[in-house]
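Student: Provided below: my_file-v3.txt, containing compact mmCIF, C-alpha atoms and all ligand atoms.
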```
# COMPACT_ATOMS: atom_id res chain seq x y z
CA MET A 1 7.55 -4.20 10.50
CA LEU A 2 6.76 -5.98 7.20
CA GLY A 3 9.94 -4.87 5.49
CA LEU A 4 9.70 -1.23 6.60
CA THR A 5 12.94 0.20 7.96
CA THR A 6 11.47 3.46 9.31
CA SER A 7 8.65 3.75 11.83
CA THR A 8 5.95 6.40 11.59
CA ALA A 9 6.30 9.25 14.10
CA PRO A 10 4.04 8.72 17.15
CA SER A 11 2.38 12.10 16.49
CA TRP A 12 0.85 10.75 13.27
CA ALA A 13 -2.04 8.94 14.97
CA ALA A 14 -3.03 11.93 17.12
CA ASN A 15 -3.05 14.16 14.04
CA ALA A 16 -5.00 11.58 12.04
CA ILE A 17 -7.69 11.24 14.69
CA ARG A 18 -8.05 15.02 14.97
CA ASN A 19 -8.65 15.08 11.21
CA LEU A 20 -10.53 11.82 10.89
CA ASP A 21 -12.77 13.00 8.02
CA ALA A 22 -9.73 13.98 5.93
CA LEU A 23 -8.06 10.69 6.75
CA LEU A 24 -11.13 8.70 5.68
CA ILE A 25 -11.29 10.56 2.37
CA ASP A 26 -7.58 9.94 1.76
CA HIS A 27 -8.01 6.32 2.76
CA ALA A 28 -10.83 5.86 0.23
CA HIS A 29 -8.58 7.17 -2.54
CA CYS A 30 -5.79 4.83 -1.39
CA GLU A 31 -8.06 1.81 -1.69
CA MET A 32 -9.24 2.84 -5.15
CA LYS A 33 -5.63 3.35 -6.29
CA ALA A 34 -4.63 -0.01 -4.79
CA ALA A 35 -7.33 -1.75 -6.86
CA SER A 36 -6.52 0.12 -10.07
CA ASN A 37 -2.75 -0.34 -9.67
CA ALA A 38 -3.19 -4.10 -9.26
CA LEU A 39 -5.41 -4.27 -12.35
CA SER A 40 -3.00 -2.14 -14.36
CA LEU A 41 -0.27 -4.71 -13.58
CA VAL A 42 -2.61 -7.48 -14.71
CA GLY A 43 -3.17 -5.62 -17.98
CA ARG A 44 0.53 -5.02 -18.47
CA TYR A 45 1.67 -8.59 -17.72
CA PRO A 46 -1.22 -10.72 -19.04
CA ASN A 47 0.97 -13.77 -19.71
CA GLU A 48 2.16 -14.06 -16.09
CA MET A 49 -0.77 -16.13 -14.88
CA ASP A 50 0.31 -16.33 -11.22
CA LEU A 51 0.43 -12.54 -11.21
CA VAL A 52 -2.86 -12.26 -13.11
CA TRP A 53 -4.66 -14.49 -10.61
CA GLN A 54 -3.13 -13.16 -7.39
CA LEU A 55 -3.56 -9.51 -8.34
CA THR A 56 -7.12 -10.10 -9.54
CA LEU A 57 -7.97 -11.45 -6.08
CA LEU A 58 -6.11 -8.55 -4.47
CA ALA A 59 -7.88 -5.96 -6.64
CA GLN A 60 -11.22 -7.47 -5.71
CA GLU A 61 -10.39 -7.08 -2.01
CA GLU A 62 -9.17 -3.52 -2.50
CA LEU A 63 -12.37 -2.64 -4.36
CA ASP A 64 -14.36 -4.08 -1.47
CA HIS A 65 -12.32 -1.93 0.95
CA PHE A 66 -12.95 1.09 -1.25
CA LYS A 67 -16.69 0.42 -1.29
CA ARG A 68 -16.77 0.09 2.48
CA VAL A 69 -14.81 3.31 3.08
CA VAL A 70 -17.17 5.06 0.67
CA GLU A 71 -20.05 3.73 2.78
CA VAL A 72 -18.44 5.36 5.82
CA LEU A 73 -18.09 8.62 3.88
CA LYS A 74 -21.76 8.48 2.88
CA THR A 75 -22.82 7.83 6.47
CA LYS A 76 -20.84 10.86 7.58
CA GLY A 77 -22.14 13.04 4.74
CA LEU A 78 -18.67 13.39 3.21
CA LYS A 79 -17.72 13.57 -0.47
CA LEU A 80 -14.97 11.51 -2.02
CA GLY A 81 -13.75 14.53 -3.97
CA ILE A 82 -10.80 14.86 -6.28
CA PRO A 83 -7.69 13.08 -4.95
CA PRO A 84 -4.64 15.13 -4.00
CA VAL A 85 -1.42 14.49 -5.91
CA ASP A 86 0.02 11.19 -4.66
CA ALA A 87 3.55 12.42 -3.97
CA TYR A 88 4.36 9.37 -1.85
CA ALA A 89 3.73 6.81 -4.59
CA ALA A 90 5.33 9.00 -7.25
CA HIS A 91 8.53 9.45 -5.21
CA LEU A 92 8.60 5.77 -4.36
CA ARG A 93 8.36 4.76 -8.04
CA THR A 94 11.12 7.22 -8.90
CA ALA A 95 13.27 5.81 -6.10
CA ALA A 96 12.72 2.26 -7.37
CA GLY A 97 14.05 3.37 -10.77
CA THR A 98 17.40 4.22 -9.17
CA LEU A 99 18.04 0.68 -7.94
CA PRO A 100 20.72 -1.19 -9.90
CA ALA A 101 19.58 -4.05 -12.11
CA ARG A 102 21.41 -6.55 -14.24
CA HIS A 103 18.22 -7.53 -16.04
CA ARG A 104 16.55 -4.18 -16.46
CA GLU A 105 13.31 -5.42 -18.07
CA ARG A 106 12.80 -8.17 -15.51
CA PHE A 107 13.48 -5.85 -12.62
CA VAL A 108 11.02 -3.22 -13.82
CA LEU A 109 8.30 -5.66 -12.83
CA VAL A 110 10.13 -6.76 -9.66
CA ASP A 111 10.43 -3.15 -8.55
CA ARG A 112 6.81 -2.31 -9.31
CA LEU A 113 5.83 -5.27 -7.15
CA LEU A 114 8.19 -4.15 -4.36
CA VAL A 115 6.69 -0.66 -4.50
CA GLY A 116 3.30 -2.33 -4.10
CA ALA A 117 4.61 -4.35 -1.16
CA LEU A 118 5.90 -1.27 0.66
CA ILE A 119 2.71 0.71 0.06
CA GLU A 120 0.78 -2.17 1.63
CA ALA A 121 3.25 -2.37 4.51
CA ARG A 122 2.93 1.35 5.27
CA SER A 123 -0.89 1.15 5.17
CA CYS A 124 -0.74 -1.80 7.53
CA GLU A 125 1.59 -0.01 9.97
CA ARG A 126 -0.62 3.08 10.01
CA PHE A 127 -3.85 1.14 10.49
CA LYS A 128 -2.21 -0.42 13.56
CA LEU A 129 -1.38 3.05 14.90
CA LEU A 130 -4.91 4.17 14.17
CA LEU A 131 -6.27 1.20 16.08
CA ASP A 132 -4.47 2.46 19.19
CA VAL A 133 -6.50 5.69 19.17
CA LEU A 134 -9.80 4.75 17.48
CA PRO A 135 -11.48 3.08 20.50
CA ASN A 136 -11.77 6.45 22.25
CA SER A 137 -12.95 8.53 19.32
CA ALA A 138 -14.65 6.27 16.76
CA PRO A 139 -15.14 2.80 18.28
CA GLU A 140 -17.56 1.84 15.50
CA LEU A 141 -14.62 1.81 13.06
CA VAL A 142 -12.41 -0.53 15.13
CA PRO A 143 -13.59 -3.87 13.63
CA PHE A 144 -13.18 -2.49 10.10
CA TYR A 145 -9.62 -1.32 10.68
CA GLN A 146 -8.72 -4.55 12.48
CA GLU A 147 -9.82 -6.43 9.37
CA LEU A 148 -7.92 -4.05 7.07
CA PHE A 149 -4.77 -4.34 9.18
CA ALA A 150 -4.72 -8.11 8.63
CA CYS A 151 -5.67 -7.84 4.97
CA GLU A 152 -2.99 -5.26 4.05
CA ALA A 153 -0.37 -7.45 5.79
CA LYS A 154 -1.49 -10.31 3.56
CA HIS A 155 -1.25 -8.06 0.50
CA PHE A 156 2.33 -7.15 1.45
CA ARG A 157 3.15 -10.86 1.36
CA THR A 158 1.36 -11.34 -1.99
CA TYR A 159 3.39 -8.57 -3.62
CA LEU A 160 6.65 -9.81 -2.11
CA ASP A 161 6.03 -13.40 -3.24
CA LEU A 162 5.20 -12.18 -6.76
CA ALA A 163 8.38 -10.08 -6.80
CA ILE A 164 10.47 -13.14 -5.90
CA LEU A 165 8.72 -15.12 -8.62
CA ALA A 166 9.23 -12.33 -11.17
CA ALA A 167 12.95 -12.15 -10.36
CA ARG A 168 13.31 -15.81 -11.44
CA GLU A 169 16.89 -17.01 -10.82
CA ASP A 170 17.65 -13.67 -9.15
CA GLY A 171 14.95 -14.21 -6.52
CA ALA A 172 17.53 -14.40 -3.73
CA GLU A 173 18.34 -10.73 -4.40
CA VAL A 174 14.81 -9.59 -3.67
CA PRO A 175 15.02 -9.29 0.16
CA GLU A 176 18.07 -7.02 -0.08
CA ARG A 177 16.41 -5.02 -2.83
CA LEU A 178 13.33 -4.62 -0.65
CA GLU A 179 15.53 -3.36 2.17
CA GLN A 180 17.24 -0.82 -0.12
CA LEU A 181 13.90 0.44 -1.34
CA ALA A 182 12.48 0.45 2.20
CA LYS A 183 15.27 2.78 3.33
CA MET A 184 14.34 5.20 0.55
CA GLU A 185 10.66 4.79 1.42
CA GLY A 186 11.47 5.80 4.99
CA LYS A 187 13.08 9.03 3.81
CA ILE A 188 10.13 9.76 1.51
CA VAL A 189 7.47 9.16 4.13
CA THR A 190 9.23 11.28 6.76
CA SER A 191 9.79 14.10 4.26
CA LEU A 192 6.07 14.48 3.56
CA ASP A 193 4.21 17.13 5.42
CA GLY A 194 2.45 15.09 8.08
CA THR A 195 -1.11 15.74 6.97
CA ALA A 196 -3.81 13.28 7.95
CA ALA A 197 -3.09 10.84 5.14
CA VAL A 198 -2.48 7.09 5.04
CA HIS A 199 0.90 7.69 3.38
CA GLY A 200 1.46 11.39 4.09
FE FE B 301 -7.06 -2.27 1.07
FE FE B 302 -4.02 -3.79 0.25
```
Kindly present the structure from the file in structure tokens form.
Ligand SMILES: [Fe+2]
Ligand SMILES: [Fe+2]
Tutor:
Amino acid sequence: MLGLTTSTAPSWAANAIRNLDALLIDHAHCEMKAASNALSLVGRYPNEMDLVWQLTLLAQEELDHFKRVVEVLKTKGLKLGIPPVDAYAAHLRTAAGTLPARHRERFVLVDRLLVGALIEARSCERFKLLLDVLPNSAPELVPFYQELFACEAKHFRTYLDLAILAAREDGAEVPERLEQLAKMEGKIVTSLDGTAAVHG
């Protein structure tokens, strides 16, 4: 699905629904990080105007998602709290640094965009799994997660398209590079401890 090479274990959704409050808190942090990561790329590559525009739109959507998850937290009387260490994203960035590159500087950006694409893909996959179990336990959240499922799939495509653009004449290498990184992402995500987290 969406470039992922490894599917989430079926037990993930049952665990997530049993710990729905923890999942919602983790999800809120994920949305905030998605917005800030997109804006940090805008700040780092201010002359790449396609990137600036597309990631500004994306950050705006992620901030809206964050606000709406925070609304859910408030309704449930939950605190956002301090985020746990994001081992998933850290390992994924480290893994991206091990990919070979002929044009190291160019591929630093390509790989950051591919990391973004895979994070979006994994969120999307997990929201789909959540949608299989939400109707029985929290039906009021179903429309929200249906919308997020579609939106994170779109964000995957935005990051992938920007990666191809950033690779310039090496754009044809991007799909294979995505697959290499996706294989490493699969190992990372299955090695995490299975807590109720969007990427754990
Ligand atoms: Fe989002
Ligand atoms: Fe997203």
Student: Write out as a ChimeraX atom specification the residues lying within 6 Å of segment 14-25 of chain A, counting all atoms listed in the file and excluding same-chain residues fewer than 2 positions away.
Tutor: /A:11-12,27-28,80,196-197
Student: Can you tell me which residues surround segment 109-122 of chain A at a distance of at most 9 Å, considering only C-alpha atoms, apart from same-chain residues fewer than 3 positions away, and format the answer as number ranges by chain?
Tutor: A: 1-4, 8, 34, 37-38, 41, 45, 89, 92-93, 96-97, 99, 105-106, 125-127, 152-160, 162-167, 174, 177-178, 181-182, 185, 198-199
Student: Measuring atom to atom with only C-alpha atoms and all ligand atoms, identify which of A:Val72, A:Leu131, A:Ala150, A:Ala90 is nearest to ligand FE 301 (chain B).
Tutor: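 Result for the nearest residue to ligand FE 301 (chain B): A:Ala150.
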Student: Which residues are near ligand FE 301 (chain B) - at most 6 Å, using all atoms listed in the file? Format: as a PDB file with C-alpha atoms, keeping the file's coordinate frame.
Tutor:
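Result saved to selection.pdb:
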```pdb
ATOM      1  CA  GLU A  31      -8.060   1.810  -1.690  1.00  0.00           C
ATOM      2  CA  GLU A  62      -9.170  -3.520  -2.500  1.00  0.00           C
ATOM      3  CA  HIS A  65     -12.320  -1.930   0.950  1.00  0.00           C
ATOM      4  CA  GLU A 152      -2.990  -5.260   4.050  1.00  0.00           C
TER       5      GLU A 152
END
```
Student: Please indicate the distance in Å from atom CA of Ala172 of chain A to atom CA of Leu55 of chain A, rounded to one decimal place.
Tutor: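 Taking atom CA of Ala172 of chain A as the start and atom CA of Leu55 of chain A as the end point, the length is 22.1 Å.
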Student: Counting all atoms listed in the file, which residue out of A:Asp170, A:Glu48, A:Glu147, A:Asp26 sits closest to ligand FE 302 (chain B)?
Tutor: A:Glu147
Student: By how many Å are atom CA of Ile188 of chain A and atom CA of Pro83 of chain A apart?
Tutor: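 These two atoms are separated by 19.2 Å.
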Student: From the set A:Ser137, A:Ser7, A:Gln60, A:Thr94, which residue has the shortest atom-to-atom contact distance to ligand FE 302 (chain B), counting only C-alpha atoms and all ligand atoms?
Tutor: A:Gln60
Student: Mind listing whatever residues come within 12 Å of the point (-12.4, -3.7, 11.0)? Use only C-alpha atoms, file coordinates, and give them as a list of chain:residue names.
Tutor: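 Using only C-alpha atoms, the matching residues come out as A:His65, A:Arg68, A:Val69, A:Phe127, A:Lys128, A:Leu130, A:Leu131, A:Leu134, A:Pro135, A:Ala138, A:Pro139, A:Glu140, A:Leu141, A:Val142, A:Pro143, A:Phe144, A:Tyr145, A:Gln146, A:Glu147, A:Leu148, A:Phe149, A:Ala150, A:Cys151, A:Glu152.
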Student: If I take atom CA of Met32 of chain A and atom CA of Pro84 of chain A, how far is one from the other in Å, to one decimal?
Tutor: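 For atom CA of Met32 of chain A relative to atom CA of Pro84 of chain A, the distance reads 13.2 Å.
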Student: Let me make sure I understand: among A:Val52, A:Ile82, A:Ala35, A:Ala9, which one has the smallest atom-to-atom distance to ligand FE 302 (chain B) if we use only C-alpha atoms and all ligand atoms?
Tutor: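 Closest candidate: A:Ala35.
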Student: Pick from A:Ser36, A:Thr190, A:Asn47, A:Thr75: nearest to ligand FE 302 (chain B), with only C-alpha atoms and all ligand atoms counted?
Tutor: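 For ligand FE 302 (chain B), the nearest of the candidates is A:Ser36.
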Student: Go through A:Thr56, A:Thr5, A:Ser123, A:Thr195 and flag the residue nearest ligand FE 302 (chain B), using all atoms listed in the file for the distances.
Tutor: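 Answer, going by the shortest atom-to-atom distance: A:Ser123.
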